[in-house]
$ cat model.cif   # mmCIF, C-alpha atoms and all ligand atoms
data_target
loop_
_atom_site.group_PDB
_atom_site.id
_atom_site.type_symbol
_atom_site.label_atom_id
_atom_site.label_comp_id
_atom_site.auth_asym_id
_atom_site.auth_seq_id
_atom_site.Cartn_x
_atom_site.Cartn_y
_atom_site.Cartn_z
ATOM 1 C CA MET A 4 0.000 0.000 0.000
ATOM 2 C CA LYS A 5 2.790 2.398 0.904
ATOM 3 C CA ARG A 6 4.513 1.742 -2.401
ATOM 4 C CA PHE A 7 1.299 2.267 -4.298
ATOM 5 C CA ILE A 8 0.679 5.679 -2.725
ATOM 6 C CA LEU A 9 4.229 6.792 -3.408
ATOM 7 C CA GLY A 10 4.063 5.551 -6.989
ATOM 8 C CA ALA A 11 0.792 7.356 -7.529
ATOM 9 C CA ALA A 12 2.219 10.547 -6.067
ATOM 10 C CA ILE A 13 5.232 10.407 -8.364
ATOM 11 C CA ALA A 14 3.045 9.738 -11.387
ATOM 12 C CA LEU A 15 0.889 12.722 -10.425
ATOM 13 C CA ALA A 16 3.951 14.872 -9.894
ATOM 14 C CA THR A 17 5.632 14.086 -13.163
ATOM 15 C CA ALA A 18 2.403 14.626 -15.113
ATOM 16 C CA GLY A 19 2.087 18.273 -14.164
ATOM 17 C CA PHE A 20 5.589 19.629 -13.745
ATOM 18 C CA VAL A 21 8.570 19.771 -16.010
ATOM 19 C CA HIS A 22 11.439 19.170 -13.632
ATOM 20 C CA ALA A 23 9.533 17.646 -10.736
ATOM 21 C CA GLY A 24 11.072 14.542 -9.312
ATOM 22 C CA GLU A 25 12.808 13.725 -12.546
ATOM 23 C CA THR A 26 16.396 13.693 -11.411
ATOM 24 C CA PRO A 27 17.319 10.011 -11.493
ATOM 25 C CA SER A 28 18.933 8.373 -8.513
ATOM 26 C CA ALA A 29 21.653 5.820 -9.118
ATOM 27 C CA PRO A 30 20.473 2.217 -8.830
ATOM 28 C CA ASP A 31 20.698 0.646 -5.374
ATOM 29 C CA THR A 32 21.589 3.894 -3.625
ATOM 30 C CA THR A 33 21.033 3.845 0.110
ATOM 31 C CA VAL A 34 20.974 6.601 2.707
ATOM 32 C CA TYR A 35 21.173 5.816 6.408
ATOM 33 C CA VAL A 36 22.115 7.210 9.802
ATOM 34 C CA ILE A 37 25.582 5.947 10.676
ATOM 35 C CA ASN A 38 25.758 6.624 14.400
ATOM 36 C CA LEU A 39 22.268 6.168 15.867
ATOM 37 C CA GLU A 40 20.361 2.948 16.246
ATOM 38 C CA ASN A 41 16.608 2.825 16.227
ATOM 39 C CA GLY A 42 15.491 3.057 19.860
ATOM 40 C CA ALA A 43 18.666 4.776 21.076
ATOM 41 C CA THR A 44 18.619 6.975 24.181
ATOM 42 C CA VAL A 45 20.788 10.068 23.765
ATOM 43 C CA GLN A 46 21.384 13.561 25.123
ATOM 44 C CA SER A 47 20.950 16.856 23.308
ATOM 45 C CA PRO A 48 22.590 18.122 21.188
ATOM 46 C CA VAL A 49 22.197 14.995 19.092
ATOM 47 C CA LYS A 50 24.831 14.340 16.488
ATOM 48 C CA VAL A 51 23.472 12.695 13.334
ATOM 49 C CA ILE A 52 26.035 11.372 10.850
ATOM 50 C CA PHE A 53 24.668 10.828 7.347
ATOM 51 C CA GLY A 54 25.646 7.702 5.428
ATOM 52 C CA LEU A 55 25.237 7.546 1.660
ATOM 53 C CA ALA A 56 26.240 4.668 -0.602
ATOM 54 C CA GLY A 57 25.871 4.712 -4.365
ATOM 55 C CA MET A 58 25.697 8.479 -4.923
ATOM 56 C CA GLY A 59 27.664 11.536 -3.902
ATOM 57 C CA VAL A 60 26.955 14.755 -2.040
ATOM 58 C CA ALA A 61 26.834 18.123 -3.786
ATOM 59 C CA PRO A 62 25.621 21.438 -2.362
ATOM 60 C CA ALA A 63 22.123 22.687 -3.197
ATOM 61 C CA GLY A 64 22.080 24.533 -6.504
ATOM 62 C CA VAL A 65 24.851 22.421 -8.002
ATOM 63 C CA GLU A 66 23.548 20.172 -10.759
ATOM 64 C CA LYS A 67 25.838 17.164 -11.010
ATOM 65 C CA GLU A 68 24.886 13.664 -12.044
ATOM 66 C CA ALA A 69 24.308 11.108 -9.281
ATOM 67 C CA THR A 70 24.530 13.627 -6.440
ATOM 68 C CA GLY A 71 22.221 15.306 -3.968
ATOM 69 C CA HIS A 72 22.168 16.894 -0.545
ATOM 70 C CA HIS A 73 20.838 15.564 2.712
ATOM 71 C CA HIS A 74 17.571 16.435 4.461
ATOM 72 C CA ILE A 75 16.190 15.333 7.795
ATOM 73 C CA LEU A 76 12.494 14.738 8.163
ATOM 74 C CA LEU A 77 12.082 15.409 11.884
ATOM 75 C CA ASN A 78 9.037 14.374 13.893
ATOM 76 C CA ARG A 79 6.665 13.968 10.992
ATOM 77 C CA ALA A 80 4.997 11.162 9.037
ATOM 78 C CA PRO A 81 7.283 8.800 7.124
ATOM 79 C CA PHE A 82 8.266 9.991 3.645
ATOM 80 C CA GLY A 83 5.370 9.548 1.241
ATOM 81 C CA GLU A 84 2.753 9.347 3.987
ATOM 82 C CA GLY A 85 2.466 13.025 4.942
ATOM 83 C CA ALA A 86 -0.618 14.983 3.864
ATOM 84 C CA ASP A 87 1.470 17.309 1.674
ATOM 85 C CA ASP A 88 3.932 14.766 0.330
ATOM 86 C CA ALA A 89 2.682 14.879 -3.271
ATOM 87 C CA GLU A 90 3.615 18.559 -3.205
ATOM 88 C CA LEU A 91 6.916 17.763 -1.492
ATOM 89 C CA ILE A 92 7.795 15.188 -4.151
ATOM 90 C CA ALA A 93 6.697 17.435 -7.010
ATOM 91 C CA ASN A 94 8.104 20.795 -6.025
ATOM 92 C CA GLY A 95 10.682 20.147 -3.376
ATOM 93 C CA ILE A 96 11.129 19.610 0.316
ATOM 94 C CA PRO A 97 9.818 22.564 2.342
ATOM 95 C CA SER A 98 12.032 24.294 4.873
ATOM 96 C CA ASP A 99 10.563 24.312 8.351
ATOM 97 C CA GLU A 100 11.027 22.742 11.777
ATOM 98 C CA ASN A 101 10.090 19.307 10.408
ATOM 99 C CA HIS A 102 12.185 19.528 7.216
ATOM 100 C CA LEU A 103 15.850 20.384 7.695
ATOM 101 C CA HIS A 104 18.113 21.067 4.701
ATOM 102 C CA PHE A 105 21.847 20.536 4.576
ATOM 103 C CA GLY A 106 22.345 22.417 1.339
ATOM 104 C CA GLY A 107 25.971 23.183 2.065
ATOM 105 C CA GLY A 108 26.761 19.555 1.391
ATOM 106 C CA GLN A 109 27.090 18.701 5.089
ATOM 107 C CA THR A 110 27.440 15.041 5.997
ATOM 108 C CA GLN A 111 26.439 15.414 9.640
ATOM 109 C CA ALA A 112 24.234 17.560 11.828
ATOM 110 C CA SER A 113 23.928 18.554 15.458
ATOM 111 C CA LEU A 114 20.316 18.835 16.580
ATOM 112 C CA ALA A 115 19.197 20.623 19.734
ATOM 113 C CA LEU A 116 16.175 18.568 20.747
ATOM 114 C CA PRO A 117 13.972 18.769 23.836
ATOM 115 C CA ALA A 118 13.638 15.755 26.099
ATOM 116 C CA GLY A 119 11.264 13.158 24.737
ATOM 117 C CA THR A 120 10.843 10.896 21.761
ATOM 118 C CA HIS A 121 11.808 12.066 18.283
ATOM 119 C CA THR A 122 11.796 10.528 14.817
ATOM 120 C CA ILE A 123 14.470 11.084 12.193
ATOM 121 C CA GLN A 124 14.404 10.068 8.539
ATOM 122 C CA LEU A 125 16.925 11.063 5.883
ATOM 123 C CA VAL A 126 15.923 11.999 2.342
ATOM 124 C CA LEU A 127 18.290 12.934 -0.446
ATOM 125 C CA GLY A 128 17.228 15.902 -2.585
ATOM 126 C CA ASP A 129 18.487 17.142 -5.942
ATOM 127 C CA HIS A 130 19.776 20.650 -6.707
ATOM 128 C CA PHE A 131 16.164 21.918 -6.511
ATOM 129 C CA HIS A 132 15.561 20.121 -3.156
ATOM 130 C CA VAL A 133 13.314 17.653 -4.991
ATOM 131 C CA PRO A 134 13.591 13.959 -4.059
ATOM 132 C CA HIS A 135 15.134 11.812 -6.769
ATOM 133 C CA ASN A 136 13.331 9.237 -8.880
ATOM 134 C CA PRO A 137 13.157 6.731 -7.330
ATOM 135 C CA PRO A 138 13.544 8.567 -4.022
ATOM 136 C CA VAL A 139 16.548 7.865 -1.789
ATOM 137 C CA VAL A 140 15.107 7.598 1.712
ATOM 138 C CA SER A 141 16.337 6.040 4.958
ATOM 139 C CA ASP A 142 14.442 4.010 7.500
ATOM 140 C CA VAL A 143 12.718 6.036 10.206
ATOM 141 C CA ILE A 144 14.739 6.074 13.427
ATOM 142 C CA THR A 145 13.085 6.766 16.757
ATOM 143 C CA ILE A 146 15.304 8.144 19.515
ATOM 144 C CA THR A 147 14.670 9.229 23.072
ATOM 145 C CA VAL A 148 16.373 12.378 24.332
ATOM 146 C CA THR A 149 16.932 12.542 28.082
ATOM 147 C CA GLU A 150 17.509 15.694 30.163
HETATM 148 CU CU CU B 1 17.365 20.939 0.308
#

$ encode --input "model.cif" --output "structure tokens"
Amino acid sequence: MKRFILGAAIALATAGFVHAGETPSAPDTTVYVINLENGATVQSPVKVIFGLAGMGVAPAGVEKEATGHHHILLNRAPFGEGADDAELIANGIPSDENHLHFGGGQTQASLALPAGTHTIQLVLGDHFHVPHNPPVVSDVITITVTE
């Protein structure tokens, strides 16, 4: 079901927009969090180290084949399941407290997070901040931040 919704969203996106979601990802590319396990208990600030295999990192605005820059989806629905994700896939990842961009080509982040449970998911975006086709998305990791 998840795959179907995502596929439908991409089909919708590519029908109406010229550049939307059309940057190809390299086959078998994976993105993942190197240093945090699902269920980890950590203290703030939380260091998140981005792992990427199969493609390279380039800053936002730089159009180079088989590259992208990292984004964190923070405390929101998994990629493809959010209410506005058709828009996100078509026109780019928004920039707000739930969508963090690392357009400088950063390969790690330090997040100041309040105590409690948080979810983190990585998504690669192209030079327009649009997810690739097919999208390069990590598993969702749930962490608990203690005081
Ligand atoms: Cu971006």

$ resolve_selection --input "model.cif" --expression "the PyMOL selection byres (((not hetatm)) within 6 of (chain B and resi 1))" --output "number ranges by chain"
A: 104, 106, 128, 132

$ resolve_selection --input "model.cif" --expression "the PyMOL selection byres (((chain A and resi 117-121) around 7) and not hetatm)" --output "list in words"
Asn78, Ala115, Leu116, Thr122, Ile123, Thr145, Ile146, Thr147, Val148, Thr149 and Glu150 of chain A

$ residues_near_point --input "model.cif" --point "(26.2, 9.6, 14.3)" --cutoff "7 Å" --atoms "all atoms listed in the file" --output "PDB file with C-alpha atoms, keeping the file's coordinate frame"
ATOM      1  CA  VAL A  36      22.115   7.210   9.802  1.00  0.00           C
ATOM      2  CA  ILE A  37      25.582   5.947  10.676  1.00  0.00           C
ATOM      3  CA  ASN A  38      25.758   6.624  14.400  1.00  0.00           C
ATOM      4  CA  LEU A  39      22.268   6.168  15.867  1.00  0.00           C
ATOM      5  CA  LYS A  50      24.831  14.340  16.488  1.00  0.00           C
ATOM      6  CA  VAL A  51      23.472  12.695  13.334  1.00  0.00           C
ATOM      7  CA  ILE A  52      26.035  11.372  10.850  1.00  0.00           C
TER       8      ILE A  52
END

$ atom_distance --input "model.cif" --atom1 "atom CA of A:Ala56" --atom2 "atom CA of A:Ala80"
24.2 Å

$ resolve_selection --input "model.cif" --expression "the PyMOL selection byres (((chain A and resi 134) around 12) and not hetatm)" --output "number ranges by chain"
A: 9, 13, 16, 22-28, 70-74, 82-83, 88-97, 125-133, 135-140

$ write_last_selection --input "model.cif" --atoms "C-alpha atoms" --output "PDB file, in the frame of the given file"
ATOM      1  CA  LEU A   9       4.229   6.792  -3.408  1.00  0.00           C
ATOM      2  CA  ILE A  13       5.232  10.407  -8.364  1.00  0.00           C
ATOM      3  CA  ALA A  16       3.951  14.872  -9.894  1.00  0.00           C
ATOM      4  CA  HIS A  22      11.439  19.170 -13.632  1.00  0.00           C
ATOM      5  CA  ALA A  23       9.533  17.646 -10.736  1.00  0.00           C
ATOM      6  CA  GLY A  24      11.072  14.542  -9.312  1.00  0.00           C
ATOM      7  CA  GLU A  25      12.808  13.725 -12.546  1.00  0.00           C
ATOM      8  CA  THR A  26      16.396  13.693 -11.411  1.00  0.00           C
ATOM      9  CA  PRO A  27      17.319  10.011 -11.493  1.00  0.00           C
ATOM     10  CA  SER A  28      18.933   8.373  -8.513  1.00  0.00           C
ATOM     11  CA  THR A  70      24.530  13.627  -6.440  1.00  0.00           C
ATOM     12  CA  GLY A  71      22.221  15.306  -3.968  1.00  0.00           C
ATOM     13  CA  HIS A  72      22.168  16.894  -0.545  1.00  0.00           C
ATOM     14  CA  HIS A  73      20.838  15.564   2.712  1.00  0.00           C
ATOM     15  CA  HIS A  74      17.571  16.435   4.461  1.00  0.00           C
ATOM     16  CA  PHE A  82       8.266   9.991   3.645  1.00  0.00           C
ATOM     17  CA  GLY A  83       5.370   9.548   1.241  1.00  0.00           C
ATOM     18  CA  ASP A  88       3.932  14.766   0.330  1.00  0.00           C
ATOM     19  CA  ALA A  89       2.682  14.879  -3.271  1.00  0.00           C
ATOM     20  CA  GLU A  90       3.615  18.559  -3.205  1.00  0.00           C
ATOM     21  CA  LEU A  91       6.916  17.763  -1.492  1.00  0.00           C
ATOM     22  CA  ILE A  92       7.795  15.188  -4.151  1.00  0.00           C
ATOM     23  CA  ALA A  93       6.697  17.435  -7.010  1.00  0.00           C
ATOM     24  CA  ASN A  94       8.104  20.795  -6.025  1.00  0.00           C
ATOM     25  CA  GLY A  95      10.682  20.147  -3.376  1.00  0.00           C
ATOM     26  CA  ILE A  96      11.129  19.610   0.316  1.00  0.00           C
ATOM     27  CA  PRO A  97       9.818  22.564   2.342  1.00  0.00           C
ATOM     28  CA  LEU A 125      16.925  11.063   5.883  1.00  0.00           C
ATOM     29  CA  VAL A 126      15.923  11.999   2.342  1.00  0.00           C
ATOM     30  CA  LEU A 127      18.290  12.934  -0.446  1.00  0.00           C
ATOM     31  CA  GLY A 128      17.228  15.902  -2.585  1.00  0.00           C
ATOM     32  CA  ASP A 129      18.487  17.142  -5.942  1.00  0.00           C
ATOM     33  CA  HIS A 130      19.776  20.650  -6.707  1.00  0.00           C
ATOM     34  CA  PHE A 131      16.164  21.918  -6.511  1.00  0.00           C
ATOM     35  CA  HIS A 132      15.561  20.121  -3.156  1.00  0.00           C
ATOM     36  CA  VAL A 133      13.314  17.653  -4.991  1.00  0.00           C
ATOM     37  CA  HIS A 135      15.134  11.812  -6.769  1.00  0.00           C
ATOM     38  CA  ASN A 136      13.331   9.237  -8.880  1.00  0.00           C
ATOM     39  CA  PRO A 137      13.157   6.731  -7.330  1.00  0.00           C
ATOM     40  CA  PRO A 138      13.544   8.567  -4.022  1.00  0.00           C
ATOM     41  CA  VAL A 139      16.548   7.865  -1.789  1.00  0.00           C
ATOM     42  CA  VAL A 140      15.107   7.598   1.712  1.00  0.00           C
TER      43      VAL A 140
END

$ atom_distance --input "model.cif" --atom1 "atom CA of A:Pro62" --atom2 "atom CA of A:His102"
16.6 Å

$ closest_residue --input "model.cif" --among "A:Phe105, A:Glu40, A:Ser113, A:Val49" --to "A:Gly64" --atoms "all atoms listed in the file"
A:Phe105

$ atom_distance --input "model.cif" --atom1 "atom CA of A:Asp142" --atom2 "atom CA of A:Leu76"
10.9 Å

$ closest_residue --input "model.cif" --among "A:Asp87, A:Val60, A:Ser141, A:Ala69" --to "A:Gly107" --atoms "all atoms listed in the file"
A:Val60

$ decode --input "model.cif" --residues "stretch 65-79 of chain A" --atoms "N, CA, C and O atoms" --output "PDB file, in the first residue's frame"
ATOM      1  N   VAL A  65      23.835  22.986  -7.109  1.00  0.00           N
ATOM      2  CA  VAL A  65      24.851  22.421  -8.002  1.00  0.00           C
ATOM      3  C   VAL A  65      24.271  21.191  -8.690  1.00  0.00           C
ATOM      4  O   VAL A  65      23.936  20.203  -8.033  1.00  0.00           O
ATOM      5  N   GLU A  66      24.126  21.276 -10.001  1.00  0.00           N
ATOM      6  CA  GLU A  66      23.548  20.172 -10.759  1.00  0.00           C
ATOM      7  C   GLU A  66      24.671  19.279 -11.258  1.00  0.00           C
ATOM      8  O   GLU A  66      25.450  19.655 -12.132  1.00  0.00           O
ATOM      9  N   LYS A  67      24.784  18.111 -10.659  1.00  0.00           N
ATOM     10  CA  LYS A  67      25.838  17.164 -11.010  1.00  0.00           C
ATOM     11  C   LYS A  67      25.246  15.774 -10.941  1.00  0.00           C
ATOM     12  O   LYS A  67      24.562  15.440  -9.967  1.00  0.00           O
ATOM     13  N   GLU A  68      25.492  14.988 -11.949  1.00  0.00           N
ATOM     14  CA  GLU A  68      24.886  13.664 -12.044  1.00  0.00           C
ATOM     15  C   GLU A  68      25.183  12.816 -10.807  1.00  0.00           C
ATOM     16  O   GLU A  68      26.298  12.840 -10.288  1.00  0.00           O
ATOM     17  N   ALA A  69      24.177  12.069 -10.384  1.00  0.00           N
ATOM     18  CA  ALA A  69      24.308  11.108  -9.281  1.00  0.00           C
ATOM     19  C   ALA A  69      24.756  11.753  -7.966  1.00  0.00           C
ATOM     20  O   ALA A  69      25.527  11.195  -7.207  1.00  0.00           O
ATOM     21  N   THR A  70      24.262  12.972  -7.724  1.00  0.00           N
ATOM     22  CA  THR A  70      24.530  13.627  -6.440  1.00  0.00           C
ATOM     23  C   THR A  70      23.235  14.194  -5.864  1.00  0.00           C
ATOM     24  O   THR A  70      22.208  14.274  -6.539  1.00  0.00           O
ATOM     25  N   GLY A  71      23.330  14.626  -4.629  1.00  0.00           N
ATOM     26  CA  GLY A  71      22.221  15.306  -3.968  1.00  0.00           C
ATOM     27  C   GLY A  71      22.714  15.844  -2.646  1.00  0.00           C
ATOM     28  O   GLY A  71      23.889  15.730  -2.327  1.00  0.00           O
ATOM     29  N   HIS A  72      21.794  16.473  -1.905  1.00  0.00           N
ATOM     30  CA  HIS A  72      22.168  16.894  -0.545  1.00  0.00           C
ATOM     31  C   HIS A  72      21.167  16.318   0.445  1.00  0.00           C
ATOM     32  O   HIS A  72      20.052  15.950   0.105  1.00  0.00           O
ATOM     33  N   HIS A  73      21.613  16.246   1.684  1.00  0.00           N
ATOM     34  CA  HIS A  73      20.838  15.564   2.712  1.00  0.00           C
ATOM     35  C   HIS A  73      19.743  16.457   3.301  1.00  0.00           C
ATOM     36  O   HIS A  73      19.893  17.672   3.390  1.00  0.00           O
ATOM     37  N   HIS A  74      18.662  15.800   3.717  1.00  0.00           N
ATOM     38  CA  HIS A  74      17.571  16.435   4.461  1.00  0.00           C
ATOM     39  C   HIS A  74      17.188  15.514   5.608  1.00  0.00           C
ATOM     40  O   HIS A  74      17.245  14.298   5.459  1.00  0.00           O
ATOM     41  N   ILE A  75      16.778  16.106   6.700  1.00  0.00           N
ATOM     42  CA  ILE A  75      16.190  15.333   7.795  1.00  0.00           C
ATOM     43  C   ILE A  75      14.704  15.651   7.866  1.00  0.00           C
ATOM     44  O   ILE A  75      14.319  16.830   7.938  1.00  0.00           O
ATOM     45  N   LEU A  76      13.912  14.599   7.813  1.00  0.00           N
ATOM     46  CA  LEU A  76      12.494  14.738   8.163  1.00  0.00           C
ATOM     47  C   LEU A  76      12.426  14.466   9.657  1.00  0.00           C
ATOM     48  O   LEU A  76      12.745  13.374  10.115  1.00  0.00           O
ATOM     49  N   LEU A  77      12.045  15.485  10.416  1.00  0.00           N
ATOM     50  CA  LEU A  77      12.082  15.409  11.884  1.00  0.00           C
ATOM     51  C   LEU A  77      10.657  15.425  12.440  1.00  0.00           C
ATOM     52  O   LEU A  77       9.891  16.361  12.166  1.00  0.00           O
ATOM     53  N   ASN A  78      10.329  14.403  13.181  1.00  0.00           N
ATOM     54  CA  ASN A  78       9.037  14.374  13.893  1.00  0.00           C
ATOM     55  C   ASN A  78       7.856  14.627  12.979  1.00  0.00           C
ATOM     56  O   ASN A  78       7.015  15.490  13.237  1.00  0.00           O
ATOM     57  N   ARG A  79       7.807  13.882  11.913  1.00  0.00           N
ATOM     58  CA  ARG A  79       6.665  13.968  10.992  1.00  0.00           C
ATOM     59  C   ARG A  79       6.405  12.560  10.439  1.00  0.00           C
ATOM     60  O   ARG A  79       7.123  11.611  10.736  1.00  0.00           O
TER      61      ARG A  79
END
